[in-house]
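As stored in structure_23.cif (mmCIF, C-alpha atoms and all ligand atoms):
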data_run
#
loop_
_atom_site.group_PDB
_atom_site.id
_atom_site.type_symbol
_atom_site.label_atom_id
_atom_site.label_comp_id
_atom_site.auth_asym_id
_atom_site.auth_seq_id
_atom_site.Cartn_x
_atom_site.Cartn_y
_atom_site.Cartn_z
ATOM 1 C CA MET L 8 132.638 53.699 195.928
ATOM 2 C CA ILE L 9 136.285 54.081 196.912
ATOM 3 C CA GLU L 10 136.994 54.109 200.633
ATOM 4 C CA ARG L 11 139.422 56.811 201.692
ATOM 5 C CA VAL L 12 141.916 57.149 204.496
ATOM 6 C CA PRO L 13 142.461 60.887 205.005
ATOM 7 C CA SER L 14 146.000 61.815 205.943
ATOM 8 C CA GLY L 15 144.737 64.832 207.883
ATOM 9 C CA ILE L 16 147.796 66.710 206.639
ATOM 10 C CA PRO L 17 146.714 70.210 205.570
ATOM 11 C CA GLY L 18 146.611 70.395 201.775
ATOM 12 C CA LEU L 19 147.538 66.773 201.083
ATOM 13 C CA ASP L 20 144.044 65.271 201.097
ATOM 14 C CA GLN L 21 142.916 67.884 198.620
ATOM 15 C CA LEU L 22 145.725 66.804 196.261
ATOM 16 C CA LEU L 23 144.781 63.147 196.771
ATOM 17 C CA GLY L 24 141.111 63.714 195.960
ATOM 18 C CA GLY L 25 140.042 63.098 199.564
ATOM 19 C CA GLY L 26 142.800 60.971 201.069
ATOM 20 C CA PHE L 27 144.743 57.785 200.436
ATOM 21 C CA VAL L 28 142.807 54.890 198.984
ATOM 22 C CA LYS L 29 142.109 52.369 201.741
ATOM 23 C CA LYS L 30 144.274 49.218 201.754
ATOM 24 C CA ARG L 31 146.651 50.735 199.220
ATOM 25 C CA HIS L 32 150.340 51.329 199.702
ATOM 26 C CA THR L 33 152.203 54.500 198.822
ATOM 27 C CA ILE L 34 155.909 55.163 198.519
ATOM 28 C CA VAL L 35 157.284 58.501 199.687
ATOM 29 C CA CYS L 36 160.402 59.136 197.566
ATOM 30 C CA GLY L 37 163.009 61.801 198.068
ATOM 31 C CA GLY L 38 166.578 62.761 198.785
ATOM 32 C CA PRO L 39 168.102 63.308 202.234
ATOM 33 C CA GLY L 40 166.195 65.696 204.501
ATOM 34 C CA THR L 41 163.290 66.122 202.105
ATOM 35 C CA GLY L 42 160.754 65.216 204.827
ATOM 36 C CA LYS L 43 159.988 61.534 204.191
ATOM 37 C CA THR L 44 160.121 60.426 207.818
ATOM 38 C CA THR L 45 158.291 63.547 208.945
ATOM 39 C CA LEU L 46 155.433 62.908 206.510
ATOM 40 C CA GLY L 47 155.186 59.311 207.715
ATOM 41 C CA PHE L 48 155.072 60.336 211.336
ATOM 42 C CA GLU L 49 152.458 62.986 210.751
ATOM 43 C CA TYR L 50 150.272 60.477 208.902
ATOM 44 C CA LEU L 51 150.278 58.325 212.041
ATOM 45 C CA TYR L 52 149.849 61.194 214.498
ATOM 46 C CA ARG L 53 146.905 62.696 212.652
ATOM 47 C CA GLY L 54 145.423 59.237 212.143
ATOM 48 C CA ALA L 55 145.456 58.704 215.898
ATOM 49 C CA SER L 56 144.440 62.198 216.985
ATOM 50 C CA GLN L 57 141.888 63.113 214.298
ATOM 51 C CA TYR L 58 140.567 59.800 213.009
ATOM 52 C CA LYS L 59 141.032 57.477 215.994
ATOM 53 C CA GLU L 60 143.001 55.048 213.842
ATOM 54 C CA LYS L 61 145.948 53.268 215.362
ATOM 55 C CA GLY L 62 149.305 53.384 213.660
ATOM 56 C CA LEU L 63 152.507 51.384 213.565
ATOM 57 C CA PHE L 64 155.861 52.923 212.682
ATOM 58 C CA MET L 65 158.348 50.245 211.595
ATOM 59 C CA SER L 66 161.842 51.622 211.538
ATOM 60 C CA LEU L 67 164.790 49.928 209.939
ATOM 61 C CA GLU L 68 167.102 52.784 210.760
ATOM 62 C CA GLN L 69 166.777 54.659 214.014
ATOM 63 C CA SER L 70 165.937 53.288 217.444
ATOM 64 C CA PRO L 71 162.406 53.938 218.733
ATOM 65 C CA GLU L 72 163.861 56.257 221.406
ATOM 66 C CA ARG L 73 165.601 58.367 218.780
ATOM 67 C CA ILE L 74 162.458 58.523 216.635
ATOM 68 C CA VAL L 75 160.308 59.643 219.557
ATOM 69 C CA GLU L 76 162.881 62.254 220.536
ATOM 70 C CA GLY L 77 162.972 63.654 216.984
ATOM 71 C CA ALA L 78 159.188 63.734 216.640
ATOM 72 C CA LYS L 79 158.697 65.398 220.034
ATOM 73 C CA ASN L 80 161.319 68.006 219.210
ATOM 74 C CA LEU L 81 159.854 68.882 215.852
ATOM 75 C CA PHE L 82 156.139 68.630 216.562
ATOM 76 C CA ASN L 83 156.480 70.091 220.008
ATOM 77 C CA LYS L 84 152.892 71.307 220.360
ATOM 78 C CA TRP L 85 151.346 67.898 219.881
ATOM 79 C CA GLU L 86 150.090 65.600 222.587
ATOM 80 C CA TRP L 87 152.557 62.780 222.119
ATOM 81 C CA ASP L 88 152.172 61.285 225.559
ATOM 82 C CA LYS L 89 148.485 60.785 224.945
ATOM 83 C CA HIS L 90 149.148 58.621 221.876
ATOM 84 C CA LEU L 91 152.593 57.034 222.009
ATOM 85 C CA GLY L 92 152.517 53.408 223.028
ATOM 86 C CA LYS L 93 148.706 53.464 222.906
ATOM 87 C CA ASN L 94 147.577 54.658 219.491
ATOM 88 C CA ILE L 95 150.987 54.936 217.871
ATOM 89 C CA MET L 96 153.423 52.076 218.214
ATOM 90 C CA ILE L 97 157.029 52.330 217.202
ATOM 91 C CA THR L 98 159.232 49.349 216.597
ATOM 92 C CA ARG L 99 162.576 48.682 215.027
ATOM 93 C CA ILE L 100 162.839 45.638 212.809
ATOM 94 C CA PRO L 101 165.902 43.730 213.920
ATOM 95 C CA LEU L 102 168.361 43.644 211.071
ATOM 96 C CA ASP L 103 168.737 39.890 211.177
ATOM 97 C CA ASP L 104 165.025 39.346 211.330
ATOM 98 C CA PHE L 105 163.656 40.844 208.155
ATOM 99 C CA ASN L 106 162.405 37.415 207.085
ATOM 100 C CA ASN L 107 159.913 37.581 209.906
ATOM 101 C CA ILE L 108 158.708 41.064 209.103
ATOM 102 C CA GLN L 109 155.302 39.754 208.054
ATOM 103 C CA ASP L 110 154.849 37.814 211.298
ATOM 104 C CA LEU L 111 155.947 40.836 213.288
ATOM 105 C CA LEU L 112 153.486 43.033 211.419
ATOM 106 C CA ARG L 113 150.625 40.612 211.922
ATOM 107 C CA GLU L 114 151.339 40.416 215.629
ATOM 108 C CA TYR L 115 151.196 44.206 216.019
ATOM 109 C CA VAL L 116 148.293 44.801 213.664
ATOM 110 C CA GLU L 117 146.025 42.084 214.998
ATOM 111 C CA GLY L 118 146.988 42.613 218.618
ATOM 112 C CA ASN L 119 146.370 46.370 218.520
ATOM 113 C CA ASN L 120 143.832 46.907 215.748
ATOM 114 C CA VAL L 121 146.356 48.922 213.716
ATOM 115 C CA LYS L 122 145.033 50.606 210.547
ATOM 116 C CA ARG L 123 147.990 52.723 209.400
ATOM 117 C CA ILE L 124 151.526 51.472 208.824
ATOM 118 C CA VAL L 125 154.716 53.372 208.018
ATOM 119 C CA ILE L 126 157.870 51.518 206.940
ATOM 120 C CA ASP L 127 161.002 53.672 207.121
ATOM 121 C CA SER L 128 162.782 52.819 204.834
ATOM 122 C CA LEU L 129 162.465 50.339 201.988
ATOM 123 C CA THR L 130 165.972 51.307 200.930
ATOM 124 C CA LEU L 131 167.364 49.511 203.964
ATOM 125 C CA LEU L 132 164.983 46.577 203.613
ATOM 126 C CA LYS L 133 166.259 46.032 200.098
ATOM 127 C CA LEU L 134 169.837 45.647 201.345
ATOM 128 C CA TYR L 135 168.965 42.353 202.956
ATOM 129 C CA PHE L 136 168.050 40.612 199.767
ATOM 130 C CA ARG L 137 170.703 38.982 197.670
ATOM 131 C CA ASN L 138 168.959 39.654 194.414
ATOM 132 C CA GLN L 139 166.277 41.891 193.010
ATOM 133 C CA ASP L 140 163.865 39.074 192.216
ATOM 134 C CA ALA L 141 163.798 37.865 195.820
ATOM 135 C CA TYR L 142 163.273 41.426 197.057
ATOM 136 C CA ARG L 143 160.486 42.054 194.563
ATOM 137 C CA LYS L 144 158.703 38.855 195.582
ATOM 138 C CA HIS L 145 158.994 39.656 199.304
ATOM 139 C CA LEU L 146 157.853 43.220 198.845
ATOM 140 C CA TYR L 147 154.888 42.107 196.769
ATOM 141 C CA GLU L 148 153.908 39.619 199.482
ATOM 142 C CA LEU L 149 154.352 42.250 202.172
ATOM 143 C CA LEU L 150 152.034 44.712 200.407
ATOM 144 C CA ASN L 151 149.430 41.993 199.893
ATOM 145 C CA ALA L 152 149.633 41.016 203.547
ATOM 146 C CA MET L 153 149.172 44.623 204.692
ATOM 147 C CA GLY L 154 146.128 44.960 202.416
ATOM 148 C CA GLU L 155 144.631 41.729 203.785
ATOM 149 C CA MET L 156 145.077 43.144 207.267
ATOM 150 C CA GLU L 157 142.969 46.163 206.163
ATOM 151 C CA CYS L 158 145.933 48.522 206.576
ATOM 152 C CA THR L 159 146.868 51.539 204.476
ATOM 153 C CA SER L 160 150.595 52.166 204.386
ATOM 154 C CA LEU L 161 153.318 54.652 203.580
ATOM 155 C CA MET L 162 156.847 53.445 202.852
ATOM 156 C CA THR L 163 159.835 55.730 202.438
ATOM 157 C CA LEU L 164 162.384 55.320 199.660
ATOM 158 C CA GLU L 165 165.651 57.183 199.333
ATOM 159 C CA LYS L 166 166.044 58.683 195.914
ATOM 160 C CA SER L 167 168.627 61.383 195.604
ATOM 161 C CA VAL L 168 167.411 62.979 192.420
ATOM 162 C CA ASN L 169 166.023 66.437 192.179
ATOM 163 C CA LYS L 170 164.832 66.236 188.618
ATOM 164 C CA ARG L 171 161.338 65.388 187.438
ATOM 165 C CA THR L 172 162.494 64.162 184.059
ATOM 166 C CA ILE L 173 164.080 61.054 185.520
ATOM 167 C CA THR L 174 163.543 58.025 183.321
ATOM 168 C CA GLN L 175 165.021 55.428 185.629
ATOM 169 C CA TYR L 176 162.526 54.045 188.144
ATOM 170 C CA GLU L 177 163.082 51.637 191.006
ATOM 171 C CA ILE L 178 161.166 48.379 191.279
ATOM 172 C CA GLU L 179 159.338 49.665 194.370
ATOM 173 C CA GLU L 180 157.805 52.359 192.236
ATOM 174 C CA PHE L 181 156.196 49.799 189.958
ATOM 175 C CA ILE L 182 154.977 47.549 192.745
ATOM 176 C CA SER L 183 153.462 50.246 194.973
ATOM 177 C CA ASP L 184 149.972 51.619 194.435
ATOM 178 C CA GLY L 185 151.044 55.218 194.865
ATOM 179 C CA ILE L 186 154.101 57.455 194.680
ATOM 180 C CA ILE L 187 154.641 60.822 196.352
ATOM 181 C CA ASN L 188 157.832 62.630 195.375
ATOM 182 C CA LEU L 189 159.430 65.148 197.713
ATOM 183 C CA TYR L 190 161.930 67.617 196.286
ATOM 184 C CA PHE L 191 164.155 70.194 197.922
ATOM 185 C CA VAL L 192 165.067 72.447 195.043
ATOM 186 C CA PRO L 193 167.334 75.479 194.723
ATOM 187 C CA LYS L 194 165.552 78.776 194.348
ATOM 188 C CA GLU L 195 167.727 81.855 194.092
ATOM 189 C CA ARG L 196 169.824 81.815 197.279
ATOM 190 C CA ASP L 197 167.566 79.383 199.078
ATOM 191 C CA ARG L 198 165.821 76.068 198.573
ATOM 192 C CA ILE L 199 162.147 75.298 198.612
ATOM 193 C CA ARG L 200 160.339 72.063 199.377
ATOM 194 C CA VAL L 201 157.990 70.710 196.745
ATOM 195 C CA LEU L 202 155.574 67.787 196.795
ATOM 196 C CA GLU L 203 154.287 65.932 193.748
ATOM 197 C CA ILE L 204 151.937 62.979 193.390
ATOM 198 C CA LEU L 205 153.338 60.824 190.623
ATOM 199 C CA LYS L 206 150.893 57.956 190.779
ATOM 200 C CA MET L 207 147.878 56.902 192.818
ATOM 201 C CA ARG L 208 146.077 53.825 191.546
ATOM 202 C CA ASP L 209 142.262 53.825 191.523
ATOM 203 C CA THR L 210 141.855 57.565 191.940
ATOM 204 C CA ASP L 211 142.271 60.839 190.178
ATOM 205 C CA HIS L 212 144.766 63.171 191.850
ATOM 206 C CA SER L 213 146.516 66.469 191.390
ATOM 207 C CA THR L 214 149.489 66.482 189.043
ATOM 208 C CA ARG L 215 150.712 69.884 190.190
ATOM 209 C CA LEU L 216 153.897 70.707 191.994
ATOM 210 C CA SER L 217 152.891 71.945 195.436
ATOM 211 C CA PRO L 218 155.288 73.917 197.612
ATOM 212 C CA PHE L 219 155.331 72.975 201.285
ATOM 213 C CA ARG L 220 156.995 73.865 204.558
ATOM 214 C CA ILE L 221 157.976 71.766 207.542
ATOM 215 C CA THR L 222 156.750 73.482 210.702
ATOM 216 C CA THR L 223 156.366 72.563 214.348
ATOM 217 C CA ASP L 224 152.699 72.021 213.546
ATOM 218 C CA GLY L 225 153.399 69.571 210.740
ATOM 219 C CA LEU L 226 153.754 69.875 206.997
ATOM 220 C CA MET L 227 152.038 72.883 205.467
ATOM 221 C CA ILE L 228 151.249 72.080 201.859
ATOM 222 C CA SER L 229 149.903 74.798 199.590
ATOM 223 C CA PRO L 230 147.967 73.157 196.754
ATOM 224 C CA GLU L 231 146.981 76.488 195.234
ATOM 225 C CA ALA L 232 150.379 78.163 195.384
ATOM 226 C CA GLN L 233 152.234 78.734 192.184
ATOM 227 C CA MET L 234 155.593 76.982 192.049
ATOM 228 C CA PHE L 235 158.437 78.978 190.556
ATOM 229 C CA GLY L 236 161.902 77.536 190.350
ATOM 230 C CA ASN L 237 164.184 75.340 188.364
ATOM 231 C CA ILE L 238 162.687 71.911 188.822
ATOM 232 C CA ASP L 239 162.738 70.129 185.514
HETATM 233 N N1 LIG H 1 161.653 72.532 213.724
HETATM 234 C C1 LIG H 1 161.793 72.449 212.399
HETATM 235 N N2 LIG H 1 161.277 73.410 211.597
HETATM 236 C C2 LIG H 1 161.405 73.342 210.271
HETATM 237 N N3 LIG H 1 162.035 72.333 209.619
HETATM 238 C C3 LIG H 1 162.566 71.371 210.356
HETATM 239 C C4 LIG H 1 162.487 71.352 211.771
HETATM 240 N N4 LIG H 1 163.099 70.240 212.208
HETATM 241 C C5 LIG H 1 163.548 69.603 211.114
HETATM 242 N N5 LIG H 1 163.238 70.268 210.007
HETATM 243 C C6 LIG H 1 163.576 69.894 208.627
HETATM 244 O O1 LIG H 1 163.186 68.564 208.399
HETATM 245 C C7 LIG H 1 164.258 67.877 207.773
HETATM 246 C C8 LIG H 1 164.276 66.419 208.177
HETATM 247 O O2 LIG H 1 163.182 65.788 207.605
HETATM 248 P P1 LIG H 1 163.110 64.185 207.584
HETATM 249 O O3 LIG H 1 163.942 63.601 208.656
HETATM 250 O O4 LIG H 1 161.679 63.856 207.562
HETATM 251 O O5 LIG H 1 163.768 63.905 206.180
HETATM 252 P P2 LIG H 1 164.014 62.506 205.475
HETATM 253 O O6 LIG H 1 163.590 62.704 204.065
HETATM 254 O O7 LIG H 1 163.394 61.421 206.269
HETATM 255 O O8 LIG H 1 165.602 62.435 205.531
HETATM 256 P P3 LIG H 1 166.571 61.135 205.491
HETATM 257 O O9 LIG H 1 166.639 60.687 204.064
HETATM 258 O O10 LIG H 1 167.848 61.684 205.983
HETATM 259 O O11 LIG H 1 165.969 60.108 206.399
HETATM 260 C C9 LIG H 1 165.486 68.544 208.279
HETATM 261 O O12 LIG H 1 166.568 68.397 207.401
HETATM 262 C C10 LIG H 1 165.063 69.976 208.423
HETATM 263 O O13 LIG H 1 165.289 70.672 207.219
HETATM 264 MG MG MG H 2 164.174 59.731 207.176
#
What would the structure in this file look like if it were written as structure tokens?
Amino acid sequence: MIERVPSGIPGLDQLLGGGFVKKRHTIVCGGPGTGKTTLGFEYLYRGASQYKEKGLFMSLEQSPERIVEGAKNLFNKWEWDKHLGKNIMITRIPLDDFNNIQDLLREYVEGNNVKRIVIDSLTLLKLYFRNQDAYRKHLYELLNAMGEMECTSLMTLEKSVNKRTITQYEIEEFISDGIINLYFVPKERDRIRVLEILKMRDTDHSTRLSPFRITTDGLMISPEAQMFGNID
């Protein structure tokens, strides 16, 4: 029997067959502004508010203050003050300290009983490794460590392609247990947001393209909606 960690995000758990697989690690891939950070934040917020699971947001980019400001602005109906610093912790990994990322994680996870982790983004983490082999080894060890700590994680990855027929994959995509692709594709005079699950080890999942919106109440994913547009 597979244990699930529901995201709580409307529509997403249905696509995942009930939620993320516990102790597995999923990459959220997409171009700029596709909603990667937003999805990560919502996973933690809903974990805390709906499932009483504590979350840790590890940023390599923005300061915790900036992240909180952005989240409060976007999801302005949510009870942030009830959860921030208690059920949702936000930290920035110091740029010269990525070697200690595992120790830092362990400290937070064990000290606070954290169950959900978001790393934003792997793209920046990768910059600190001189070669691909070293990065691959570290990433592999990091994912194992998070699994041993009973955590289920999301990690963002910048990928500025808007085509599904891409044949070039990054090493993160092979190492991770799951991949969610976010697209922001042209449609007539506008663009629409589309979510796709590319891989999810140990579980069946939807293979459909699902349109979604970013709203002040979180992502609204429509698993049943028909997707029309030029995404190929
Ligand atoms: N109040 C809002 N209502 C609807 N959409 C919003 C709102 N606020 C922000 N957005 C959308 O969310 C997008 C930002 O999403 P997010 O920061 O999660 O993207 P990202 O994939 O992490 O981007 P990056 O690669 O730059 O980090 C904005 O570009 C905007 O289109
Ligand atoms: Mg982002």
Considering only C-alpha atoms, return as JSON, numbers by chain whatever protein or nucleic-acid residues lie within 9 Å of Gly38 of chain L, sequence-local ones (same chain, fewer than 5 positions apart) excluded.
{"L": [43, 164, 165, 166, 167, 168, 169, 189, 190, 191]}
Set the cut-off to 10 Å, count all atoms listed in the file, and list whatever residues fall near ligand MG 2 (chain H) as a count of residues only.
20
With distances taken over only C-alpha atoms and all ligand atoms, which residue among L:Ser70, L:Ser14, L:Gln109, L:Thr223 lies nearest ligand LIG 1 (chain H)?
L:Thr223
Once 3 Å is added on each side, what are the centre and the three edge lengths, in Å to one decimal, of the axis-aligned box enclosing the listed atoms of segment 65-70 of chain L? Present them as lines of an AutoDock Vina configuration file.
center_x = 162.7
center_y = 52.3
center_z = 213.7
size_x = 14.8
size_y = 10.7
size_z = 13.5
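Remark: for ligand LIG 1 (chain H), the closest of the candidate residues L:Leu91, L:Ile100, L:Leu81, L:Leu216 is L:Leu81 (distances computed over only C-alpha atoms and all ligand atoms).
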Pick from L:Val12, L:Leu112, L:Ile199, L:Ile204, whichever lies nearest to Pro218 of chain L using all atoms listed in the file:
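Comparing L:Val12, L:Leu112, L:Ile199, L:Ile204 against Pro218 of chain L, the winner is L:Ile199.
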Within 9 Å of Leu19 of chain L using all atoms listed in the file, minus same-chain residues under 5 positions, as a CSV table (one decimal) with C-alpha atoms, in the frame of the given file:
chain,number,residue,atom,x,y,z
L,13,PRO,CA,142.5,60.9,205.0
L,14,SER,CA,146.0,61.8,205.9
L,24,GLY,CA,141.1,63.7,196.0
L,25,GLY,CA,140.0,63.1,199.6
L,26,GLY,CA,142.8,61.0,201.1
L,227,MET,CA,152.0,72.9,205.5
L,228,ILE,CA,151.2,72.1,201.9
L,229,SER,CA,149.9,74.8,199.6
L,230,PRO,CA,148.0,73.2,196.8
Nearest to ligand LIG 1 (chain H) by atom-to-atom distance, counting only C-alpha atoms and all ligand atoms, from L:Ile178, L:Leu202, L:Leu146, L:Val35:
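Closest candidate: L:Val35.
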